[in-house]
Structures are given as C-alpha cells and as structure tokens.
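Read through the structure below, which is laid out as structure tokens, and then see the notes.
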Amino acid sequence: MSCYRGKYADELIANAAYIGTPGKGILAADESTGTIGKRLSSINVENVESNRRALRELLFCTPGALQYLSGVILFEETLYQKTAAGKLFVDVMKEAGVLPGIKVDKGTVELAGTNGETTTQGLDGLAQRCAQYYSAGARFAKWRAVLKIGPNEPSQLAINENANGLARYAIICQENGLVPIVEPEILVDGPHDISKCADVTERVLAACYKALNDHHVLLEGTLLKPNMVTPGSDAKKVAPEVVAEYTVRALQRTMPPAVPAVVFLSGGQSEEEATVNLNAMNQYQGKKPWSLSFSFGRALQQSTLKAWSGKEENVKKAQDAFLARCKANSEATLGKYEGGSGLSEGASESLHVKDYKY
Amino acid sequence: MSCYKGKYADELISNATYIGTPGKGILAADESTGTIGKRLSSINVENSESNRRTLRELLFCTPGALQYISGIILFEETLYQKTAAGKPFVEVMKENKVLPGIKVDKGTVELAGTNGETTTTGLDGLGQRCAQYYEAGARFAKWRAVLKISANEPSQLAINENANGLARYAIICQENGLVPIVEPEILVDGPHDINKCADVTERVLAACYKALNDHHVLLEGTLLKPNMVTPGSDSKKVAPEVVAEYTVRALQRTMPPAVPAVVFLSGGQSEEEATINLNAMNQYKGNKPWSLTFSFGRALQQSTLKAWAGKEENVKKAQEAFLARCKANSEATLGKYQGGAAGDGATESLHVKDYKY
C-alpha cells in the first residue's frame with residue numbers, strides 16, 4: 001500500500017527537485033529517427049547518423065546554454081553518441097550540471113473500437129532497458145501518452161488506458177533509478193474553447209494521479225509534462241494571462257504539492273508564444289506549490305534549425321539563436337521575460353502540425 | 001465534464017476560504033441526540049431538550065470565544081434552538097461572524113460481506129434537506145465516512161463506497177449552497193504503526209479526490225476533515241513533530257491546492273494532544289498550500305463539560321475552560337501555541353474504542 005521507498009528513493013527526490021530549479025528547464029531533444037528526419041528534410045539535410053550527431057552537438061555545446069538547462073531528453077541513439085572530438089554527450093552534460101534523460105516509450109497504437117484514440121506502448125522489458133540507460137548515465141525518463149478532444153473524446157477507455165500505462169511506466173522507472181516524466185498530452189487540435197480544454201485536462205490529470213497512487217509511485221520523485229490549457233488550434237487565441245489562469249487552476253485542482261515541478265510541453269506553439277505563456281504562469285498570483293518550467297522540443301529548436309540549415313558556416317549563428325531561446329525560457333521560469341529578445345527568423349512561427357506524430 | 005459552476009459557486013468559494021482563516025477553526029457541536037446523551041450522562045445530567053439547549057448556549061455564548069471560531073457544526077435540533085433570552089443560535093453566530101454548519105448524514109450501516117466495515121447513509125432527499133438548512137441559515141455541511149485499519153481493512157469496497165458517498169453528498173450540498181466538509185475518518189483503533197496509518201490515509205484520500213473529480217465537485221468550495229496521521233491506539237505514541245511530518249506529507253501526496261483548508265478531527269486525542277499536534281503541523285516546514293486548522297468536538301468540550309457538570313453555578317468556570325481551549329487551538333493554527341492551557345481533563349485521552357457518534 002505504500003509508495004516506492006527502495007534504494008533510489010532519495011536520489012529520485014533530489015533529481016526531480018533539481019530539474020525544477022528556478023531558472024532552468026528541459027531541452028527535449030528526443031526526436032526519434034523518423035521524426036528528426038522530417039525536421040532535417042525541412043532544411044534539406046540528409047537523415048544520416050552523422051547529421052543527427054552534428055545537430056545534437058550544435059545544441060549541447062552551445063557556449064553558455066547549458067546553464068539554463070537542468071536536463072536534456074535524448075533518443076536512445078544519442079545517449080551513446082559523442083562530440084566530434086570524442087567526448088560522450090552524457091559527459092558533456094554531467095560536467096555542465098545537466099541531467100541526461102531518455103525517451104523510453106515505443107510510440108502509440110490505436111485502441112480498437114475508438115475513433116482514432118491511442119495508447120502508448122513500451123512496457124515490455126522496460127525495467128531492463130531502464131537499468132541499462134541508468135548505467136549509461138541517464139537519470140530521468142519520458143513517456144508520452146496522447147489524448148484528443150472531440151465530440152466523444154477523450155473516451156473513458158482512452159483516459160483509463162493511458163493513465164494506467166503512465167503509472168506502470170512510472171513505477172518501473174523508479175525501481176531502476178530514473179525519475180519518470182509523466183506526459184499526458186492532450187492535443188491542441190480542434191475548434192474547442194479554453195474551458196473545454198480545461199475540463200478535459202482536469203479530468204485527465206485526476207485520472208493520472210489516481211493511477212500513480214494506485215501503482216505506489218513516489219510522487220516526490222516524478223515530474224509532470226502536461227499541455228498548457230489553451231483554446232483549440234481552430235479557435236480564437238486568448239491572452240497569455242488567460243492561459244496562465246486556466247492552466248494554473250487546472251493544476252491546482254489536480255496536482256498534489258508533493259510533485260516538485262511541472263515541465264510544460266510546447267505542443268506546436270511558436271517559440272515566442274510558448275515562452276510568453278510560461279512567463280505569464282510564473283507571474284500569475286495564486287497557489288503554485290510546484291515549479292513551473294519548460295520541456296520544449298520544437299519551441300527551443302525551431303529558429304536554431306532554420307539558422308543552421310545543415311551548414312558548418314552557420315553553426316555560430318544557429319547557436320546564438322539557441323542560446324537566446326534558452327535564456328528567454330529561463331527568464332520565463334522566473335516571470336522575468338520581457339519579450340522579443342533576439343527574435344530570430346521563425347521564432348513567432350506556429351509549430352502546429354495537425355495530429356502531430358513524433 | 002466541468003466542475004460545479006452554478007449560482008452558489010462564488011459564495012461556496014468565499015465561505016470555504018473564510019472557514020480556513022488563520023487563527024480560526026470549527027467547533028463540532030453536532031452530537032446526535034443519542035451521542036450527546038452519553039456525554040450528559042457522564043456528568044449526571046438528564047438528556048432533555050432543555051439541557052441540550054443549555055449546554056449549547058453555554059458554549060456559543062462564552063464571552064470572547066467566537067472570535068476564534070469560523071464555523072460551528074450543529075445537529076438539526078440545534079439549528080432551530082434559541083438562547084434562554086429567545087435569540088436563535090444562528091443569529092448569535094451570524095452576529096459574531098461564525099458560519100452555522102449542519103450535520104446531514106444519517107449514520108453508518110454495515111457493508112455485507114465485510115468484517116464490520118460500514119458505509120454512511122443520508123443521500124435520500126438530501127437536496128431538499130440542504131435547501132431547507134440553507135433557508136434556516138446554514139452555510140456548510142458535514143458528512144462522516146468511517147474506515148478502519150486491520151489485517152484486511154480497509155477493503156477496496158469500503159474505500160470505493162465511502163469515497164463515492166462523500167462525493168455524491170458533496171455535489172448535492174454545493175447545488176444547494178452549502179460548503180461540504182468531506183470527512184473520511186480512519187479510526188485510530190488498532191496496534192498498527194504510523195507508517196501503516198500514513199499508507200492507508202494516502203490511499204483513502206486519493207480515492208476521495210478522484211471521486212470528487214468524477215462527480216464534478218468544485219474543490220475550491222470544499223473542506224477536508226481528515227484524521228491526523230498517528231500510530232494506532234494500541235501502539236506506542238510518537239512526538240508531535242512526527243505526527244506533523246507524516247500528516248503533512250500524506251496531504252502533500254493527495255490533496256490538490258485548490259482545496260482551501262484542512263479542518264482536522266481530533267478522533268479521541270486528548271484536548272492538549274490535539275492542540276499540540278495541530279501546532280506542530282503549523283510549525284512544520286514544507287509545502288502547505290492549504291490552511292491547517294481544527295474541527296474539534298470532544299477535544300474542545302471535554303474540560304468544559306466536566307467543569308459545568310450540569311450546574312448553573314459552574315457556568316462561568318465552564319466557559320473559562322472553553323475559552324482557554326478555543327484560544328489554544330487558535331494559537332495552534334498559527335504555530336504559536338506555548339502549551340499549558342490545560343484545564344482539568346485536558347490531558348485525558350478521549351479515545352473510545354470503535355467510537356460511534
């Protein structure tokens with residue numbers, strides 16, 4: 001009946017708390033080979049291992065960037081890659097006080113009898129994989145569950161199945177020394193308003209925390225990676241203060257204070273939008289007994305990718321763009337972002353892709 | 001899918017918040033006729049309506065006491081009673097900014113197939129009763145669910161059934177303007193240690209908050225009345241700081257910050273013990289995004305009852321005892337209680353095995 005109290009308990013608690021350090025957040029660089037391929041092809045770069053390595057080196061070795069990051073989520077391939085000079089990426093991170101993380105899910109599959117709803121796979125052999133990743137230096141993990149809003153969605157089945165999968169994944173991670181990031185992403189696609197998103201988010205998060213309790217997960221050693229509460233992609237936008245109010249309220253209604261931090265996903269928001277919304281949340285006056293930080297993929301890398309375009313001579317320009325976004329989001333976690341800092345080409349560009357598949 | 005947003009929403013939120021005002025707490029004076037009868041007989045007082053009225057007047061009209069009280073839970077009979085001078089009790093409270101509350105459950109019944117576990121009754125016609133109570137001046141309600149710890153208890157059935165009952169009661173209250181106090185009491189009876197109590201408390205509270213979410217209850221307009229996390233009654237006691245740590249941690253793991261306050265039950269602890277534990281919780285350093293205050297029955301009234309002993313000439317002495325406990329608990333909500341407000345009986349354990357209200 002009790003929650004996890006095994007040999008990794010103290011370490012899990014310390015690492016989860018560290019990831020939520022004010023002024024820091026997570027770079028989600030865990031795009032699978034297929035997904036990173038789409039990114040690379042958008043800038044006319046071939047999807048080969050050396051290019052994937054070069055891109056990640058560009059990011060991780062941007063001078064001055066790692067001070068704003070508490071963790072980087074990696075795809076398995078990257079966990080074992082090195083800089084051109086031969087240093088393991090995980091060592092680069094360790095030296096800079098950044099925790100390496102690892103994506104451990106194996107993507108989504110459809111649930112029969114639903115209208116295109118999915119569950120996430122990856123539980124088979126998960127413990128052994130986590131133990132291996134821990135040996136390789138990983139200290140946290142990520143598993144993405146996906147839900148959508150529709151006339152009859154999310155269904156009770158989809159909510160239950162995804163919440164249960166997240167909870168199983170979470171306890172297996174903890175047993176093997178990895179802080180589980182719990183990610184129940186509710187896609188932004190749709191014409192629904194912000195109230196609808198709030199209602200669904202509250203219902204989904206309540207189910208997640210009940211499942212985590214049922215599965216004896218140590219909440220102090222977990223993180224939550226939710227969507228922000230926003231109108232649907234086909235609905236009218238609202239001010240950042242409204243996003244902040246609805247999002248914080250949804251968390252107040254569902255997230256126990258034992259969880260040290262929330263690391264928001266950007267879900268297709270533009271770089272600037274994601275930063276401004278995060279900033280508004282940290283300025284919002286209200287009960288917030290957890291850190292509110294970021295775990296951004298596209299919203300940290302978009303301008304950088306465009307600036308690089310796969311060319312060696314653009315590396316410095318690309319790194320400048322990356323540093324600017326890291327710094328901006330760091331300030332947003334402190335409620336101190338002034339906006340517009342070094343907006344590079346693409347920073348305001350929406351990154352929404354309908355029915356986004358990683 | 002959304003939580004309650006009807007005509008009473010704003011009022012529920014502000015009343016729930018008010019009850020949790022630092023420095024204030026709840027007097028639980030909702031003993032049913034049978035239960036108050038046992039109290040009165042322990043001081044050789046006859047269980048008549050006028051004696052019941054006299055006792056409550058003694059409490060509610062203690063000079064200076066109501067400043068420490070944000071709410072009083074009443075039994076139905078008391079909601080309609082008056083002072084000897086003819087003023088309705090609810091008026092006395094209103095004038096002193098004390099919210100009247102009302103016990104709305106109808107006691108427990110056993111769950112077949114369990115080892116003496118129970119569920120709470122009272123849902124039938126609850127909507128109408130709440131509306132009537134609101135008319136009469138009540139602004140919050142209370143419903144006591146009971147669970148016990150043992151070899152195979154609490155069972156999943158008992159947890160589910162009680163959590164569901166609490167959630168149904170809660171939404172019906174809100175629809176009728178009453179802030180529901182959610183009370184899932186886990187009895188202290190037993191030889192178990194504090195870890196066991198913590199594990200069960202966390203499991204029970206998680207089930208309650210899931211049920212409240214399922215039933216669309218507006219959490220900002222509710223209160224929680226849990227047991228403190230302690231060793232069982234047959235087990236060795238621990239220091240107040242330990243009770244504080246385990247209790248706050250259990251709440252951190254299960255209670256969303258939207259809930260404005262926790263109003264602890266005293267569950268058989270002595271007056272002094274309950275106050276000291278509450279004080280330790282308010283001194284405890286950690287994330288506590290809700291007020292931690294009291295909803296005490298026996299732990300506010302025990303010394304008072306003994307001092308009164310049913311005699312008119314003892315009223316002043318009895319009221320002094322009551323005032324002392326109210327003030328002590330008020331200080332405890334601020335983490336400022338220095339101890340020693342103990343009157344005669346203040347350290348006496350109030351534990352009655354398998355306590356039935």
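Chain lettering (A, B, ...) mirrors the order of the structure tokens, residue numbering begins at 1 for each chain separately, and ligand numbering begins at 1 in order of display.
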Fewer than 4 positions away in the same chain doesn't count, so skip those; otherwise give me all residues within 8 Å of B:Gly127, counting only C-alpha atoms, as an mmCIF file with C-alpha atoms, in the first residue's frame.
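Once everything was written out, this is out-v2.cif:
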data_model
loop_
_atom_site.group_PDB
_atom_site.id
_atom_site.type_symbol
_atom_site.label_atom_id
_atom_site.label_comp_id
_atom_site.auth_asym_id
_atom_site.auth_seq_id
_atom_site.Cartn_x
_atom_site.Cartn_y
_atom_site.Cartn_z
ATOM 1 C CA ALA B 131 -32.153 23.649 0.741
ATOM 2 C CA ILE B 172 -25.637 17.849 -3.681
ATOM 3 C CA CYS B 173 -24.534 20.266 -0.957
ATOM 4 C CA GLU B 175 -26.011 22.632 -5.642
ATOM 5 C CA ASN B 176 -27.870 23.882 -2.569
#
> Quick one: DSSP alpha helix (DSSP H) residues in stretch 75-224 of chain B, as a ChimeraX atom specification?
Replying inline: /B:76-79,89-95,126-135,156-175,194-214
>> So that I can check the surroundings of B:Leu111, please list as a list in words every protein, DNA and RNA residue that reaches within 10 Å of it, counting only C-alpha atoms and ignoring chain neighbours fewer than 5 positions away.
In response: Gly116, Glu117, Thr118, Thr119, Thr120, Leu157, Ala158 and Glu161 of chain B
Requested write-out: N, CA, C and O atoms of the selected residues, as a PDB file, in the first residue's frame:
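What ended up in selection.pdb:
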ATOM      1  N   GLY B 116     -17.226  -6.028   9.343  1.00  0.00           N
ATOM      2  CA  GLY B 116     -17.666  -4.895  10.147  1.00  0.00           C
ATOM      3  C   GLY B 116     -17.395  -3.529   9.550  1.00  0.00           C
ATOM      4  O   GLY B 116     -17.467  -2.521  10.237  1.00  0.00           O
ATOM      5  N   GLU B 117     -17.085  -3.478   8.262  1.00  0.00           N
ATOM      6  CA  GLU B 117     -16.879  -2.171   7.648  1.00  0.00           C
ATOM      7  C   GLU B 117     -18.239  -1.545   7.343  1.00  0.00           C
ATOM      8  O   GLU B 117     -19.244  -2.237   7.227  1.00  0.00           O
ATOM      9  N   THR B 118     -18.240  -0.223   7.214  1.00  0.00           N
ATOM     10  CA  THR B 118     -19.517   0.477   7.056  1.00  0.00           C
ATOM     11  C   THR B 118     -19.512   1.438   5.881  1.00  0.00           C
ATOM     12  O   THR B 118     -18.464   1.784   5.333  1.00  0.00           O
ATOM     13  N   THR B 119     -20.716   1.849   5.505  1.00  0.00           N
ATOM     14  CA  THR B 119     -20.884   2.989   4.631  1.00  0.00           C
ATOM     15  C   THR B 119     -21.834   3.944   5.343  1.00  0.00           C
ATOM     16  O   THR B 119     -22.461   3.580   6.344  1.00  0.00           O
ATOM     17  N   THR B 120     -21.900   5.181   4.847  1.00  0.00           N
ATOM     18  CA  THR B 120     -22.716   6.193   5.515  1.00  0.00           C
ATOM     19  C   THR B 120     -23.983   6.435   4.715  1.00  0.00           C
ATOM     20  O   THR B 120     -23.952   6.484   3.482  1.00  0.00           O
ATOM     21  N   LEU B 157     -13.747  -2.257  -1.408  1.00  0.00           N
ATOM     22  CA  LEU B 157     -15.179  -1.936  -1.413  1.00  0.00           C
ATOM     23  C   LEU B 157     -15.475  -0.791  -0.454  1.00  0.00           C
ATOM     24  O   LEU B 157     -16.167   0.169  -0.797  1.00  0.00           O
ATOM     25  N   ALA B 158     -14.951  -0.892   0.746  1.00  0.00           N
ATOM     26  CA  ALA B 158     -15.227   0.145   1.747  1.00  0.00           C
ATOM     27  C   ALA B 158     -14.685   1.494   1.286  1.00  0.00           C
ATOM     28  O   ALA B 158     -15.343   2.526   1.419  1.00  0.00           O
ATOM     29  N   GLU B 161     -16.890   2.709  -1.774  1.00  0.00           N
ATOM     30  CA  GLU B 161     -18.256   3.055  -1.391  1.00  0.00           C
ATOM     31  C   GLU B 161     -18.294   4.344  -0.579  1.00  0.00           C
ATOM     32  O   GLU B 161     -19.129   5.221  -0.808  1.00  0.00           O
TER      33      GLU B 161
END
List as CSV every residue of chain B that is in contact with chain A, defined as an atom at most 8 Å from one of its atoms (using only C-alpha atoms), together with the nearest atom pair and the distance in Å rounded to one decimal, sorted by chain and then rising number.
residue,atom,partner,partner_atom,distance
B:Met1,CA,A:Asp199,CA,5.9
B:Ser2,CA,A:Asp199,CA,5.0
B:Cys3,CA,A:Asp199,CA,7.8
B:Asp199,CA,A:Ser2,CA,5.1
B:Val200,CA,A:Met1,CA,7.1
B:Arg203,CA,A:Asn213,CA,7.0
B:Ala206,CA,A:Lys210,CA,6.1
B:Ala207,CA,A:Lys210,CA,7.0
B:Tyr209,CA,A:Ala206,CA,8.0
B:Lys210,CA,A:Ala206,CA,6.1
B:Asn213,CA,A:Ala206,CA,6.8
B:Asp214,CA,A:Arg203,CA,7.6
B:Leu219,CA,A:Arg253,CA,6.7
B:Arg249,CA,A:Ala258,CA,7.6
B:Leu251,CA,A:Pro256,CA,7.9
B:Gln252,CA,A:Ala258,CA,4.8
B:Arg253,CA,A:Ala258,CA,5.0
B:Thr254,CA,A:Pro256,CA,5.3
B:Met255,CA,A:Pro256,CA,5.5
B:Pro256,CA,A:Pro256,CA,4.8
B:Pro257,CA,A:Gln252,CA,4.9
B:Ala258,CA,A:Gln252,CA,4.8
B:Val259,CA,A:Arg253,CA,7.7
B:Asn287,CA,A:Pro289,CA,6.3
B:Lys288,CA,A:Pro257,CA,7.8
B:Pro289,CA,A:Lys287,CA,6.5
Please produce an output containing N, CA and C atoms for each residue in the selection, written as a PDB file, in the first residue's frame.
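Ended up saving to part39.pdb:
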ATOM      1  N   MET B   1     -18.576  17.568 -17.906  1.00  0.00           N
ATOM      2  CA  MET B   1     -17.189  17.265 -17.525  1.00  0.00           C
ATOM      3  C   MET B   1     -16.624  18.331 -16.594  1.00  0.00           C
ATOM      4  N   SER B   2     -17.243  19.490 -16.599  1.00  0.00           N
ATOM      5  CA  SER B   2     -16.677  20.567 -15.792  1.00  0.00           C
ATOM      6  C   SER B   2     -17.199  20.479 -14.365  1.00  0.00           C
ATOM      7  N   CYS B   3     -16.518  21.146 -13.442  1.00  0.00           N
ATOM      8  CA  CYS B   3     -16.988  21.096 -12.076  1.00  0.00           C
ATOM      9  C   CYS B   3     -18.073  22.149 -11.867  1.00  0.00           C
ATOM     10  N   ASP B 199       0.003   5.158   5.037  1.00  0.00           N
ATOM     11  CA  ASP B 199      -0.288   4.483   3.778  1.00  0.00           C
ATOM     12  C   ASP B 199      -1.791   4.425   3.519  1.00  0.00           C
ATOM     13  N   VAL B 200      -2.536   4.052   4.566  1.00  0.00           N
ATOM     14  CA  VAL B 200      -3.987   3.960   4.407  1.00  0.00           C
ATOM     15  C   VAL B 200      -4.583   5.334   4.150  1.00  0.00           C
ATOM     16  N   ARG B 203      -4.009   6.396   0.620  1.00  0.00           N
ATOM     17  CA  ARG B 203      -4.843   5.636  -0.331  1.00  0.00           C
ATOM     18  C   ARG B 203      -6.282   6.123  -0.291  1.00  0.00           C
ATOM     19  N   ALA B 206      -6.597   9.695  -1.803  1.00  0.00           N
ATOM     20  CA  ALA B 206      -6.502   9.659  -3.263  1.00  0.00           C
ATOM     21  C   ALA B 206      -7.835   9.220  -3.855  1.00  0.00           C
ATOM     22  N   ALA B 207      -8.463   8.227  -3.227  1.00  0.00           N
ATOM     23  CA  ALA B 207      -9.754   7.758  -3.719  1.00  0.00           C
ATOM     24  C   ALA B 207     -10.806   8.853  -3.579  1.00  0.00           C
ATOM     25  N   TYR B 209     -10.377  12.164  -3.606  1.00  0.00           N
ATOM     26  CA  TYR B 209     -10.219  13.256  -4.576  1.00  0.00           C
ATOM     27  C   TYR B 209     -10.515  12.811  -6.004  1.00  0.00           C
ATOM     28  N   LYS B 210     -10.295  11.532  -6.291  1.00  0.00           N
ATOM     29  CA  LYS B 210     -10.702  11.038  -7.611  1.00  0.00           C
ATOM     30  C   LYS B 210     -12.227  11.056  -7.712  1.00  0.00           C
ATOM     31  N   ASN B 213     -13.546  14.543  -8.165  1.00  0.00           N
ATOM     32  CA  ASN B 213     -13.343  14.993  -9.544  1.00  0.00           C
ATOM     33  C   ASN B 213     -14.380  14.344 -10.465  1.00  0.00           C
ATOM     34  N   ASP B 214     -14.600  13.051 -10.280  1.00  0.00           N
ATOM     35  CA  ASP B 214     -15.583  12.344 -11.114  1.00  0.00           C
ATOM     36  C   ASP B 214     -16.977  12.964 -10.983  1.00  0.00           C
ATOM     37  N   LEU B 219     -13.680  21.989  -6.043  1.00  0.00           N
ATOM     38  CA  LEU B 219     -12.796  21.800  -4.893  1.00  0.00           C
ATOM     39  C   LEU B 219     -12.571  23.075  -4.086  1.00  0.00           C
ATOM     40  N   ARG B 249       2.783  15.240   4.964  1.00  0.00           N
ATOM     41  CA  ARG B 249       3.235  14.519   3.779  1.00  0.00           C
ATOM     42  C   ARG B 249       2.081  13.784   3.098  1.00  0.00           C
ATOM     43  N   LEU B 251      -0.998  14.648   3.103  1.00  0.00           N
ATOM     44  CA  LEU B 251      -1.790  15.663   2.405  1.00  0.00           C
ATOM     45  C   LEU B 251      -1.072  16.156   1.157  1.00  0.00           C
ATOM     46  N   GLN B 252       0.251  16.347   1.244  1.00  0.00           N
ATOM     47  CA  GLN B 252       1.009  16.797   0.069  1.00  0.00           C
ATOM     48  C   GLN B 252       0.856  15.797  -1.076  1.00  0.00           C
ATOM     49  N   ARG B 253       0.726  14.519  -0.725  1.00  0.00           N
ATOM     50  CA  ARG B 253       0.677  13.492  -1.759  1.00  0.00           C
ATOM     51  C   ARG B 253      -0.700  13.296  -2.365  1.00  0.00           C
ATOM     52  N   THR B 254      -1.713  13.894  -1.767  1.00  0.00           N
ATOM     53  CA  THR B 254      -3.072  13.597  -2.222  1.00  0.00           C
ATOM     54  C   THR B 254      -3.996  14.789  -2.380  1.00  0.00           C
ATOM     55  N   MET B 255      -3.734  15.883  -1.666  1.00  0.00           N
ATOM     56  CA  MET B 255      -4.707  16.969  -1.642  1.00  0.00           C
ATOM     57  C   MET B 255      -4.339  18.116  -2.565  1.00  0.00           C
ATOM     58  N   PRO B 256      -5.142  18.310  -3.627  1.00  0.00           N
ATOM     59  CA  PRO B 256      -4.853  19.400  -4.550  1.00  0.00           C
ATOM     60  C   PRO B 256      -4.904  20.759  -3.857  1.00  0.00           C
ATOM     61  N   PRO B 257      -4.049  21.677  -4.244  1.00  0.00           N
ATOM     62  CA  PRO B 257      -4.003  23.005  -3.621  1.00  0.00           C
ATOM     63  C   PRO B 257      -5.292  23.808  -3.756  1.00  0.00           C
ATOM     64  N   ALA B 258      -6.177  23.389  -4.670  1.00  0.00           N
ATOM     65  CA  ALA B 258      -7.436  24.134  -4.833  1.00  0.00           C
ATOM     66  C   ALA B 258      -8.282  24.091  -3.560  1.00  0.00           C
ATOM     67  N   VAL B 259      -8.112  23.053  -2.754  1.00  0.00           N
ATOM     68  CA  VAL B 259      -8.874  22.961  -1.509  1.00  0.00           C
ATOM     69  C   VAL B 259      -8.301  23.985  -0.540  1.00  0.00           C
ATOM     70  N   ASN B 287       5.880  22.349   1.959  1.00  0.00           N
ATOM     71  CA  ASN B 287       4.805  22.862   1.105  1.00  0.00           C
ATOM     72  C   ASN B 287       3.443  22.633   1.730  1.00  0.00           C
ATOM     73  N   LYS B 288       2.751  23.696   2.127  1.00  0.00           N
ATOM     74  CA  LYS B 288       1.429  23.536   2.750  1.00  0.00           C
ATOM     75  C   LYS B 288       0.475  24.561   2.146  1.00  0.00           C
ATOM     76  N   PRO B 289       0.053  24.327   0.898  1.00  0.00           N
ATOM     77  CA  PRO B 289      -0.758  25.347   0.220  1.00  0.00           C
ATOM     78  C   PRO B 289      -2.226  25.328   0.636  1.00  0.00           C
TER      79      PRO B 289
END
Would you give me, as a Markdown table, each residue of stretch 316-340 of chain B having an atom within 8 Å of an atom of stretch 290-303 of chain B, along with its shortest atom pair and that distance in Å to one decimal, using only C-alpha atoms and sorting by chain and residue number?
| residue | atom | partner | partner_atom | distance |
| --- | --- | --- | --- | --- |
| B:Ala318 | CA | B:Ser303 | CA | 7.5 |
| B:Ala321 | CA | B:Ser303 | CA | 6.2 |
| B:Phe322 | CA | B:Gln301 | CA | 6.6 |
| B:Arg325 | CA | B:Leu300 | CA | 5.9 |
| B:Cys326 | CA | B:Leu300 | CA | 6.9 |
| B:Asn329 | CA | B:Phe294 | CA | 7.3 |
| B:Ala332 | CA | B:Thr293 | CA | 8.0 |
| B:Thr333 | CA | B:Thr293 | CA | 5.4 |
